[in-house]
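Enquirer: Dropping in protein.txt, which is compact mmCIF, N, CA, C and O atoms:
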# COMPACT_ATOMS: atom_id res chain seq x y z
N MET C 10 6.47 10.69 3.65
CA MET C 10 6.66 10.80 2.22
C MET C 10 7.77 9.87 1.75
O MET C 10 7.75 9.44 0.61
N ALA C 11 8.73 9.57 2.64
CA ALA C 11 9.82 8.68 2.25
C ALA C 11 9.30 7.28 1.94
O ALA C 11 9.78 6.63 1.00
N LEU C 12 8.30 6.81 2.69
CA LEU C 12 7.73 5.49 2.41
C LEU C 12 7.03 5.48 1.06
O LEU C 12 7.11 4.48 0.33
N VAL C 13 6.36 6.55 0.72
CA VAL C 13 5.68 6.62 -0.58
C VAL C 13 6.70 6.58 -1.71
O VAL C 13 6.52 5.86 -2.69
N VAL C 14 7.77 7.33 -1.57
CA VAL C 14 8.80 7.37 -2.60
C VAL C 14 9.50 6.01 -2.71
O VAL C 14 9.73 5.52 -3.83
N MET C 15 9.81 5.40 -1.59
CA MET C 15 10.46 4.07 -1.64
C MET C 15 9.54 3.04 -2.26
O MET C 15 9.98 2.20 -3.07
N GLY C 16 8.27 3.07 -1.93
CA GLY C 16 7.32 2.13 -2.51
C GLY C 16 7.15 2.35 -4.00
O GLY C 16 7.07 1.39 -4.77
N LEU C 17 7.08 3.60 -4.43
CA LEU C 17 6.95 3.90 -5.85
C LEU C 17 8.19 3.44 -6.62
O LEU C 17 8.07 2.88 -7.71
N TYR C 18 9.36 3.66 -6.06
CA TYR C 18 10.59 3.22 -6.70
C TYR C 18 10.60 1.69 -6.84
O TYR C 18 10.92 1.17 -7.92
N ALA C 19 10.25 0.98 -5.78
CA ALA C 19 10.24 -0.48 -5.83
C ALA C 19 9.18 -0.99 -6.80
O ALA C 19 9.38 -2.00 -7.49
N LEU C 20 8.06 -0.30 -6.90
CA LEU C 20 7.00 -0.68 -7.82
C LEU C 20 7.47 -0.58 -9.27
O LEU C 20 7.14 -1.42 -10.10
N ILE C 21 8.26 0.43 -9.57
CA ILE C 21 8.75 0.63 -10.93
C ILE C 21 9.91 -0.31 -11.25
O ILE C 21 9.97 -0.87 -12.35
N VAL C 22 10.82 -0.52 -10.32
CA VAL C 22 12.06 -1.25 -10.59
C VAL C 22 11.87 -2.76 -10.65
O VAL C 22 12.40 -3.42 -11.54
N HIS C 23 11.11 -3.33 -9.73
CA HIS C 23 11.02 -4.78 -9.61
C HIS C 23 9.99 -5.36 -10.56
O HIS C 23 8.91 -4.81 -10.75
N ALA C 24 10.32 -6.52 -11.15
CA ALA C 24 9.41 -7.21 -12.06
C ALA C 24 8.62 -8.30 -11.34
O ALA C 24 7.57 -8.70 -11.80
N HIS C 25 9.11 -8.78 -10.22
CA HIS C 25 8.44 -9.85 -9.49
C HIS C 25 7.17 -9.32 -8.86
O HIS C 25 7.16 -8.27 -8.22
N LEU C 26 6.07 -10.05 -9.03
CA LEU C 26 4.77 -9.56 -8.59
C LEU C 26 4.65 -9.45 -7.08
O LEU C 26 3.99 -8.53 -6.58
N LEU C 27 5.24 -10.37 -6.34
CA LEU C 27 5.18 -10.29 -4.88
C LEU C 27 5.86 -9.02 -4.37
O LEU C 27 5.37 -8.36 -3.46
N ARG C 28 6.96 -8.67 -4.99
CA ARG C 28 7.65 -7.44 -4.60
C ARG C 28 6.82 -6.21 -4.95
O ARG C 28 6.86 -5.20 -4.24
N LYS C 29 6.08 -6.27 -6.04
CA LYS C 29 5.20 -5.16 -6.40
C LYS C 29 4.07 -5.01 -5.37
O LYS C 29 3.70 -3.90 -5.01
N VAL C 30 3.52 -6.12 -4.91
CA VAL C 30 2.47 -6.07 -3.89
C VAL C 30 3.03 -5.48 -2.59
O VAL C 30 2.39 -4.64 -1.95
N LEU C 31 4.22 -5.90 -2.22
CA LEU C 31 4.85 -5.34 -1.01
C LEU C 31 5.12 -3.84 -1.18
O LEU C 31 4.96 -3.06 -0.23
N ALA C 32 5.53 -3.44 -2.38
CA ALA C 32 5.77 -2.01 -2.64
C ALA C 32 4.48 -1.21 -2.50
O ALA C 32 4.49 -0.10 -1.95
N LEU C 33 3.37 -1.75 -2.99
CA LEU C 33 2.09 -1.06 -2.83
C LEU C 33 1.70 -0.95 -1.36
O LEU C 33 1.15 0.08 -0.93
N ASN C 34 1.99 -1.98 -0.57
CA ASN C 34 1.69 -1.92 0.87
C ASN C 34 2.55 -0.87 1.57
O ASN C 34 2.07 -0.18 2.48
N ILE C 35 3.80 -0.74 1.16
CA ILE C 35 4.67 0.28 1.74
C ILE C 35 4.17 1.67 1.38
O ILE C 35 4.13 2.58 2.22
N MET C 36 3.73 1.84 0.13
CA MET C 36 3.18 3.13 -0.29
C MET C 36 1.92 3.48 0.50
O MET C 36 1.75 4.63 0.94
N SER C 37 1.05 2.51 0.68
CA SER C 37 -0.18 2.79 1.42
C SER C 37 0.11 3.12 2.88
O SER C 37 -0.55 3.98 3.46
N SER C 38 1.10 2.48 3.46
CA SER C 38 1.49 2.81 4.83
C SER C 38 1.97 4.26 4.93
O SER C 38 1.66 4.97 5.89
N GLY C 39 2.72 4.69 3.93
CA GLY C 39 3.17 6.09 3.91
C GLY C 39 2.02 7.06 3.80
O GLY C 39 2.01 8.09 4.47
N VAL C 40 1.04 6.74 2.96
CA VAL C 40 -0.13 7.61 2.81
C VAL C 40 -0.92 7.66 4.11
O VAL C 40 -1.38 8.72 4.55
N PHE C 41 -1.07 6.50 4.77
CA PHE C 41 -1.80 6.47 6.05
C PHE C 41 -1.08 7.32 7.10
O PHE C 41 -1.73 8.03 7.87
N LEU C 42 0.23 7.25 7.14
CA LEU C 42 0.98 8.05 8.11
C LEU C 42 0.83 9.55 7.84
O LEU C 42 0.73 10.36 8.78
N VAL C 43 0.79 9.93 6.57
CA VAL C 43 0.59 11.34 6.23
C VAL C 43 -0.80 11.80 6.67
O VAL C 43 -0.95 12.87 7.26
N PHE C 44 -1.82 10.97 6.41
CA PHE C 44 -3.18 11.33 6.84
C PHE C 44 -3.26 11.49 8.35
O PHE C 44 -3.87 12.44 8.85
N ILE C 45 -2.68 10.58 9.09
CA ILE C 45 -2.71 10.66 10.55
C ILE C 45 -1.93 11.88 11.04
O ILE C 45 -2.34 12.55 11.99
N GLY C 46 -0.83 12.18 10.38
CA GLY C 46 -0.05 13.35 10.78
C GLY C 46 -0.79 14.66 10.54
O GLY C 46 -0.59 15.63 11.27
N LEU C 47 -1.65 14.68 9.53
CA LEU C 47 -2.39 15.90 9.22
C LEU C 47 -3.73 15.98 9.94
O LEU C 47 -4.43 16.99 9.82
N ALA C 48 -4.11 14.95 10.65
CA ALA C 48 -5.42 14.89 11.30
C ALA C 48 -5.39 15.60 12.65
O ALA C 48 -5.39 14.99 13.70
N ARG C 49 -5.38 16.92 12.60
CA ARG C 49 -5.36 17.69 13.83
C ARG C 49 -6.31 18.87 13.69
O ARG C 49 -6.29 19.56 12.67
N ARG C 50 -7.12 19.08 14.67
CA ARG C 50 -8.03 20.22 14.66
C ARG C 50 -7.33 21.43 15.27
O ARG C 50 -6.46 21.29 16.13
N ALA C 51 -7.78 22.58 14.87
CA ALA C 51 -7.27 23.81 15.50
C ALA C 51 -7.86 23.90 16.90
O ALA C 51 -9.01 23.51 17.13
N PRO C 52 -7.09 24.38 17.84
CA PRO C 52 -7.62 24.48 19.19
C PRO C 52 -8.75 25.50 19.27
O PRO C 52 -8.71 26.54 18.63
N GLY C 53 -9.75 25.14 20.06
CA GLY C 53 -10.86 26.07 20.29
C GLY C 53 -10.52 27.01 21.42
O GLY C 53 -9.38 27.10 21.87
N GLU C 54 -11.51 27.69 21.91
CA GLU C 54 -11.27 28.62 23.00
C GLU C 54 -11.02 27.86 24.30
O GLU C 54 -11.89 27.21 24.84
N GLY C 55 -9.82 27.91 24.77
CA GLY C 55 -9.48 27.29 26.04
C GLY C 55 -9.31 25.77 25.99
O GLY C 55 -9.19 25.13 27.01
N THR C 56 -9.31 25.18 24.80
CA THR C 56 -9.13 23.73 24.70
C THR C 56 -7.86 23.42 23.91
O THR C 56 -7.51 24.15 22.98
N PRO C 57 -7.19 22.36 24.28
CA PRO C 57 -5.98 21.99 23.54
C PRO C 57 -6.35 21.39 22.18
O PRO C 57 -7.49 20.96 21.97
N PRO C 58 -5.41 21.37 21.23
CA PRO C 58 -5.71 20.77 19.93
C PRO C 58 -6.00 19.28 20.08
O PRO C 58 -5.36 18.59 20.87
N ALA C 59 -6.99 18.81 19.34
CA ALA C 59 -7.38 17.41 19.41
C ALA C 59 -7.30 16.80 18.01
O ALA C 59 -7.29 17.52 17.01
N ALA C 60 -7.26 15.50 17.96
CA ALA C 60 -7.21 14.81 16.68
C ALA C 60 -8.59 14.81 16.04
O ALA C 60 -9.61 14.67 16.71
N ASP C 61 -8.62 14.99 14.73
CA ASP C 61 -9.88 14.96 13.99
C ASP C 61 -10.25 13.51 13.71
O ASP C 61 -9.43 12.75 13.17
N PRO C 62 -11.43 13.05 14.07
CA PRO C 62 -11.78 11.64 13.91
C PRO C 62 -12.05 11.22 12.47
O PRO C 62 -11.99 10.05 12.15
N VAL C 63 -12.35 12.17 11.57
CA VAL C 63 -12.67 11.79 10.19
C VAL C 63 -11.46 11.20 9.47
O VAL C 63 -11.56 10.12 8.88
N PRO C 64 -10.28 11.84 9.48
CA PRO C 64 -9.13 11.20 8.83
C PRO C 64 -8.74 9.88 9.51
O PRO C 64 -8.28 8.95 8.84
N GLN C 65 -8.94 9.79 10.82
CA GLN C 65 -8.63 8.53 11.49
C GLN C 65 -9.56 7.42 11.01
O GLN C 65 -9.12 6.29 10.79
N ALA C 66 -10.82 7.73 10.81
CA ALA C 66 -11.75 6.74 10.29
C ALA C 66 -11.41 6.37 8.85
O ALA C 66 -11.53 5.20 8.45
N MET C 67 -10.96 7.35 8.07
CA MET C 67 -10.55 7.06 6.69
C MET C 67 -9.34 6.14 6.65
O MET C 67 -9.27 5.23 5.83
N VAL C 68 -8.39 6.37 7.54
CA VAL C 68 -7.20 5.51 7.60
C VAL C 68 -7.58 4.11 8.03
O VAL C 68 -7.09 3.12 7.46
N LEU C 69 -8.44 3.98 9.02
CA LEU C 69 -8.87 2.66 9.46
C LEU C 69 -9.58 1.92 8.33
O LEU C 69 -9.32 0.73 8.10
N THR C 70 -10.44 2.60 7.60
CA THR C 70 -11.10 1.99 6.45
C THR C 70 -10.10 1.64 5.37
O THR C 70 -10.18 0.58 4.74
N GLY C 71 -9.12 2.50 5.15
CA GLY C 71 -8.07 2.23 4.17
C GLY C 71 -7.24 1.02 4.51
O GLY C 71 -6.83 0.25 3.63
N ILE C 72 -6.99 0.81 5.80
CA ILE C 72 -6.22 -0.36 6.22
C ILE C 72 -7.01 -1.63 5.92
O ILE C 72 -6.45 -2.62 5.43
N VAL C 73 -8.30 -1.60 6.19
CA VAL C 73 -9.14 -2.78 5.91
C VAL C 73 -9.16 -3.07 4.42
O VAL C 73 -9.02 -4.22 3.98
N VAL C 74 -9.31 -2.02 3.60
CA VAL C 74 -9.32 -2.20 2.15
C VAL C 74 -7.96 -2.70 1.66
O VAL C 74 -7.89 -3.56 0.77
N ALA C 75 -6.88 -2.18 2.22
CA ALA C 75 -5.55 -2.61 1.81
C ALA C 75 -5.31 -4.08 2.13
O ALA C 75 -4.69 -4.80 1.33
N VAL C 76 -5.78 -4.54 3.28
CA VAL C 76 -5.63 -5.96 3.63
C VAL C 76 -6.41 -6.83 2.66
O VAL C 76 -5.92 -7.86 2.18
N ALA C 77 -7.63 -6.41 2.33
CA ALA C 77 -8.45 -7.18 1.38
C ALA C 77 -7.81 -7.18 -0.01
O ALA C 77 -7.76 -8.22 -0.68
N ALA C 78 -7.30 -6.04 -0.45
CA ALA C 78 -6.66 -5.96 -1.76
C ALA C 78 -5.38 -6.78 -1.81
O ALA C 78 -5.07 -7.40 -2.83
N THR C 79 -4.64 -6.80 -0.71
CA THR C 79 -3.42 -7.62 -0.65
C THR C 79 -3.77 -9.10 -0.75
O THR C 79 -3.10 -9.85 -1.47
N GLY C 80 -4.80 -9.52 -0.05
CA GLY C 80 -5.23 -10.92 -0.13
C GLY C 80 -5.65 -11.29 -1.54
O GLY C 80 -5.30 -12.37 -2.05
N LEU C 81 -6.40 -10.42 -2.20
CA LEU C 81 -6.81 -10.67 -3.58
C LEU C 81 -5.60 -10.72 -4.51
O LEU C 81 -5.51 -11.61 -5.37
N ALA C 82 -4.67 -9.80 -4.36
CA ALA C 82 -3.47 -9.78 -5.20
C ALA C 82 -2.65 -11.05 -5.01
O ALA C 82 -2.15 -11.62 -5.99
N LEU C 83 -2.51 -11.50 -3.77
CA LEU C 83 -1.74 -12.72 -3.53
C LEU C 83 -2.44 -13.94 -4.11
O LEU C 83 -1.79 -14.83 -4.67
N ALA C 84 -3.77 -13.97 -4.03
CA ALA C 84 -4.52 -15.08 -4.63
C ALA C 84 -4.35 -15.07 -6.15
O ALA C 84 -4.20 -16.14 -6.77
N LEU C 85 -4.34 -13.89 -6.76
CA LEU C 85 -4.13 -13.81 -8.20
C LEU C 85 -2.73 -14.22 -8.60
O LEU C 85 -2.52 -14.85 -9.65
N ILE C 86 -1.74 -13.89 -7.78
CA ILE C 86 -0.36 -14.31 -8.06
C ILE C 86 -0.25 -15.83 -7.99
O ILE C 86 0.39 -16.45 -8.84
N VAL C 87 -0.89 -16.43 -6.98
CA VAL C 87 -0.86 -17.90 -6.87
C VAL C 87 -1.53 -18.53 -8.09
O VAL C 87 -1.03 -19.51 -8.65
N ARG C 88 -2.65 -17.97 -8.53
CA ARG C 88 -3.36 -18.50 -9.70
C ARG C 88 -2.52 -18.33 -10.96
O ARG C 88 -2.47 -19.22 -11.81
N LEU C 89 -1.87 -17.18 -11.14
CA LEU C 89 -1.00 -16.95 -12.29
C LEU C 89 0.15 -17.94 -12.31
O LEU C 89 0.50 -18.49 -13.36
N ARG C 90 0.73 -18.21 -11.14
CA ARG C 90 1.84 -19.17 -11.07
C ARG C 90 1.35 -20.57 -11.40
O ARG C 90 2.05 -21.34 -12.05
N ALA C 91 0.15 -20.93 -10.97
CA ALA C 91 -0.40 -22.25 -11.27
C ALA C 91 -0.68 -22.40 -12.77
O ALA C 91 -0.49 -23.49 -13.33
N LEU C 92 -1.12 -21.34 -13.41
CA LEU C 92 -1.46 -21.42 -14.84
C LEU C 92 -0.25 -21.32 -15.75
O LEU C 92 -0.17 -22.02 -16.75
N THR C 93 0.67 -20.41 -15.42
CA THR C 93 1.78 -20.14 -16.33
C THR C 93 3.13 -20.58 -15.80
O THR C 93 4.08 -20.69 -16.57
N GLY C 94 3.24 -20.79 -14.50
CA GLY C 94 4.53 -21.13 -13.92
C GLY C 94 5.43 -19.93 -13.70
O GLY C 94 6.59 -20.08 -13.33
N ARG C 95 4.91 -18.73 -13.93
CA ARG C 95 5.70 -17.51 -13.75
C ARG C 95 5.13 -16.64 -12.65
O ARG C 95 3.94 -16.71 -12.35
N THR C 96 5.97 -15.84 -12.06
CA THR C 96 5.52 -14.87 -11.07
C THR C 96 5.93 -13.45 -11.46
O THR C 96 5.99 -12.56 -10.62
N THR C 97 6.21 -13.27 -12.73
CA THR C 97 6.55 -11.95 -13.25
C THR C 97 5.64 -11.64 -14.43
O THR C 97 5.07 -12.54 -15.04
N LEU C 98 5.53 -10.37 -14.75
CA LEU C 98 4.78 -9.97 -15.92
C LEU C 98 5.74 -9.73 -17.06
O LEU C 98 6.92 -9.46 -16.86
N GLY C 99 5.26 -9.80 -18.27
CA GLY C 99 6.09 -9.52 -19.43
C GLY C 99 6.45 -10.78 -20.18
O GLY C 99 5.97 -11.87 -19.88
N ASP C 100 7.31 -10.62 -21.17
CA ASP C 100 7.68 -11.74 -22.04
C ASP C 100 8.99 -12.40 -21.68
O ASP C 100 9.43 -13.31 -22.37
N GLU C 101 9.65 -11.95 -20.62
CA GLU C 101 10.95 -12.52 -20.29
C GLU C 101 10.85 -13.95 -19.78
O GLU C 101 11.81 -14.70 -19.83
N GLY C 102 9.73 -14.35 -19.24
CA GLY C 102 9.51 -15.74 -18.84
C GLY C 102 10.30 -16.18 -17.63
O GLY C 102 10.47 -17.38 -17.40
N GLY C 103 10.77 -15.26 -16.79
CA GLY C 103 11.53 -15.65 -15.61
C GLY C 103 10.65 -16.12 -14.48
O GLY C 103 9.45 -15.89 -14.46
N HIS C 104 11.23 -16.83 -13.53
CA HIS C 104 10.47 -17.33 -12.38
C HIS C 104 10.73 -16.45 -11.19
O HIS C 104 11.65 -16.10 -10.74
For the file at hand, write its structure as structure tokens.
Expert:
Amino acid sequence: MALVVMGLYALIVHAHLLRKVLALNIMSSGVFLVFIGLARRAPGEGTPPAADPVPQAMVLTGIVVAVAATGLALALIVRLRALTGRTTLGDEGGH
């Protein structure tokens, strides 16, 4: 949960788009860790507790989607910089 909170804080505070993308990646890492931590089955009769494969598959799919979304976001940042010369959002016009 600490990674989610740190990522959310950085997402709100920073205006630079690259830092926002990194903050989203930190948040997603925190969510993936929570899912993996909760992915445990109750032990059956005479068997030890085992990991549930469904949350593990969801996390693996989430990692693939996060990598693709990060690539798209970085491509959009490069395109925005080429068109406007800025890497921030808003009217402040900073670089």
Enquirer: Using all atoms listed in the file, what does the table of segment 39-98 of chain C residues within 8 Å of segment 15-26 of chain C look like, with each row giving the shortest atom pair and its distance in Å to one decimal, sorted by chain and ascending number, as a tab-separated table?
Expert:
residue	atom	partner	partner_atom	distance
C:Ala82	O	C:Leu26	O	6.9
C:Leu83	N	C:Leu26	O	7.7
C:Ile86	CA	C:Leu26	CA	7.0
C:Arg95	C	C:Leu26	N	7.6
C:Thr96	O	C:Leu26	N	3.0
C:Thr97	CA	C:Ala24	O	3.7
C:Leu98	N	C:Ala24	O	4.0
Enquirer: In Å, how far is it from atom C of Val13 of chain C to atom C of Ile35 of chain C?
Expert: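 Atom C of Val13 of chain C sits 6.3 Å away from atom C of Ile35 of chain C.
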Enquirer: Could you check which residues have any atom within 7 Å of (-6.5, 7.2, 7.3), counting only N, CA, C and O atoms with coordinates taken straight from the file, and then list them as a PyMOL selection string?
Expert: chain C and resi 40-42+44-45+63-72
Enquirer: Just N, CA, C and O atoms for this one: save the residues we selected as a PDB file, keeping the file's coordinate frame.
Expert:
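Saved the output as part.pdb:
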ATOM      1  N   VAL C  40       1.040   6.740   2.960  1.00  0.00           N
ATOM      2  CA  VAL C  40      -0.130   7.610   2.810  1.00  0.00           C
ATOM      3  C   VAL C  40      -0.920   7.660   4.110  1.00  0.00           C
ATOM      4  O   VAL C  40      -1.380   8.720   4.550  1.00  0.00           O
ATOM      5  N   PHE C  41      -1.070   6.500   4.770  1.00  0.00           N
ATOM      6  CA  PHE C  41      -1.800   6.470   6.050  1.00  0.00           C
ATOM      7  C   PHE C  41      -1.080   7.320   7.100  1.00  0.00           C
ATOM      8  O   PHE C  41      -1.730   8.030   7.870  1.00  0.00           O
ATOM      9  N   LEU C  42       0.230   7.250   7.140  1.00  0.00           N
ATOM     10  CA  LEU C  42       0.980   8.050   8.110  1.00  0.00           C
ATOM     11  C   LEU C  42       0.830   9.550   7.840  1.00  0.00           C
ATOM     12  O   LEU C  42       0.730  10.360   8.780  1.00  0.00           O
ATOM     13  N   PHE C  44      -1.820  10.970   6.410  1.00  0.00           N
ATOM     14  CA  PHE C  44      -3.180  11.330   6.840  1.00  0.00           C
ATOM     15  C   PHE C  44      -3.260  11.490   8.350  1.00  0.00           C
ATOM     16  O   PHE C  44      -3.870  12.440   8.850  1.00  0.00           O
ATOM     17  N   ILE C  45      -2.680  10.580   9.090  1.00  0.00           N
ATOM     18  CA  ILE C  45      -2.710  10.660  10.550  1.00  0.00           C
ATOM     19  C   ILE C  45      -1.930  11.880  11.040  1.00  0.00           C
ATOM     20  O   ILE C  45      -2.340  12.550  11.990  1.00  0.00           O
ATOM     21  N   VAL C  63     -12.350  12.170  11.570  1.00  0.00           N
ATOM     22  CA  VAL C  63     -12.670  11.790  10.190  1.00  0.00           C
ATOM     23  C   VAL C  63     -11.460  11.200   9.470  1.00  0.00           C
ATOM     24  O   VAL C  63     -11.560  10.120   8.880  1.00  0.00           O
ATOM     25  N   PRO C  64     -10.280  11.840   9.480  1.00  0.00           N
ATOM     26  CA  PRO C  64      -9.130  11.200   8.830  1.00  0.00           C
ATOM     27  C   PRO C  64      -8.740   9.880   9.510  1.00  0.00           C
ATOM     28  O   PRO C  64      -8.280   8.950   8.840  1.00  0.00           O
ATOM     29  N   GLN C  65      -8.940   9.790  10.820  1.00  0.00           N
ATOM     30  CA  GLN C  65      -8.630   8.530  11.490  1.00  0.00           C
ATOM     31  C   GLN C  65      -9.560   7.420  11.010  1.00  0.00           C
ATOM     32  O   GLN C  65      -9.120   6.290  10.790  1.00  0.00           O
ATOM     33  N   ALA C  66     -10.820   7.730  10.810  1.00  0.00           N
ATOM     34  CA  ALA C  66     -11.750   6.740  10.290  1.00  0.00           C
ATOM     35  C   ALA C  66     -11.410   6.370   8.850  1.00  0.00           C
ATOM     36  O   ALA C  66     -11.530   5.200   8.450  1.00  0.00           O
ATOM     37  N   MET C  67     -10.960   7.350   8.070  1.00  0.00           N
ATOM     38  CA  MET C  67     -10.550   7.060   6.690  1.00  0.00           C
ATOM     39  C   MET C  67      -9.340   6.140   6.650  1.00  0.00           C
ATOM     40  O   MET C  67      -9.270   5.230   5.830  1.00  0.00           O
ATOM     41  N   VAL C  68      -8.390   6.370   7.540  1.00  0.00           N
ATOM     42  CA  VAL C  68      -7.200   5.510   7.600  1.00  0.00           C
ATOM     43  C   VAL C  68      -7.580   4.110   8.030  1.00  0.00           C
ATOM     44  O   VAL C  68      -7.090   3.120   7.460  1.00  0.00           O
ATOM     45  N   LEU C  69      -8.440   3.980   9.020  1.00  0.00           N
ATOM     46  CA  LEU C  69      -8.870   2.660   9.460  1.00  0.00           C
ATOM     47  C   LEU C  69      -9.580   1.920   8.330  1.00  0.00           C
ATOM     48  O   LEU C  69      -9.320   0.730   8.100  1.00  0.00           O
ATOM     49  N   THR C  70     -10.440   2.600   7.600  1.00  0.00           N
ATOM     50  CA  THR C  70     -11.100   1.990   6.450  1.00  0.00           C
ATOM     51  C   THR C  70     -10.100   1.640   5.370  1.00  0.00           C
ATOM     52  O   THR C  70     -10.180   0.580   4.740  1.00  0.00           O
ATOM     53  N   GLY C  71      -9.120   2.500   5.150  1.00  0.00           N
ATOM     54  CA  GLY C  71      -8.070   2.230   4.170  1.00  0.00           C
ATOM     55  C   GLY C  71      -7.240   1.020   4.510  1.00  0.00           C
ATOM     56  O   GLY C  71      -6.830   0.250   3.630  1.00  0.00           O
ATOM     57  N   ILE C  72      -6.990   0.810   5.800  1.00  0.00           N
ATOM     58  CA  ILE C  72      -6.220  -0.360   6.220  1.00  0.00           C
ATOM     59  C   ILE C  72      -7.010  -1.630   5.920  1.00  0.00           C
ATOM     60  O   ILE C  72      -6.450  -2.620   5.430  1.00  0.00           O
TER      61      ILE C  72
END
Enquirer: Considering only helix (DSSP H, G or I) as DSSP defines it on the backbone, what residues of chain C qualify? List them as JSON, numbers by chain.
Expert: {"C": [11, 12, 13, 14, 15, 16, 17, 18, 19, 20, 21, 22, 26, 27, 28, 29, 30, 31, 32, 33, 34, 35, 36, 37, 38, 39, 40, 41, 42, 43, 44, 45, 46, 47, 62, 63, 64, 65, 66, 67, 68, 69, 70, 71, 72, 73, 74, 75, 76, 77, 78, 79, 80, 81, 82, 83, 84, 85, 86, 87, 88, 89, 90, 91, 92, 93]}
Enquirer: Suppose you want the space between atom CA of Gly39 of chain C and atom CA of Ala77 of chain C; what is it in Å?
Expert: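 For atom CA of Gly39 of chain C relative to atom CA of Ala77 of chain C, the distance reads 17.8 Å.
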Enquirer: Using only C-alpha atoms, which of the listed residues (C:Leu92, C:Asn34, C:Val14, C:Leu27) sits closest to Val74 of chain C?
Expert: C:Asn34
Enquirer: For each of C:Leu12, C:Ala78, C:Leu33, C:Ala60, take the minimum atom-to-atom distance to Gly46 of chain C, counting only C-alpha atoms, then give the residue where this is smallest.
Expert: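 Nearest to Gly46 of chain C: C:Ala60.
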Enquirer: So what do you get for atom CA of Val30 of chain C versus atom CA of Thr79 of chain C, distance-wise?
Expert: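 Computed distance, atom CA of Val30 of chain C to atom CA of Thr79 of chain C, equals 6.9 Å.
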Enquirer: Apply DSSP to the structure's backbone, then extract all residues of chain C labelled strand (DSSP E or B) and return them as a PyMOL selection string.
Expert: chain C and resi 25+49+60+97
Enquirer: Go ahead and write the residues just picked, N, CA, C and O atoms, as a tab-separated table (two decimals), keeping the file's coordinate frame.
Expert:
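Written file, result00.tsv:
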chain	number	residue	atom	x	y	z
C	25	HIS	N	9.11	-8.78	-10.22
C	25	HIS	CA	8.44	-9.85	-9.49
C	25	HIS	C	7.17	-9.32	-8.86
C	25	HIS	O	7.16	-8.27	-8.22
C	49	ARG	N	-5.38	16.92	12.60
C	49	ARG	CA	-5.36	17.69	13.83
C	49	ARG	C	-6.31	18.87	13.69
C	49	ARG	O	-6.29	19.56	12.67
C	60	ALA	N	-7.26	15.50	17.96
C	60	ALA	CA	-7.21	14.81	16.68
C	60	ALA	C	-8.59	14.81	16.04
C	60	ALA	O	-9.61	14.67	16.71
C	97	THR	N	6.21	-13.27	-12.73
C	97	THR	CA	6.55	-11.95	-13.25
C	97	THR	C	5.64	-11.64	-14.43
C	97	THR	O	5.07	-12.54	-15.04
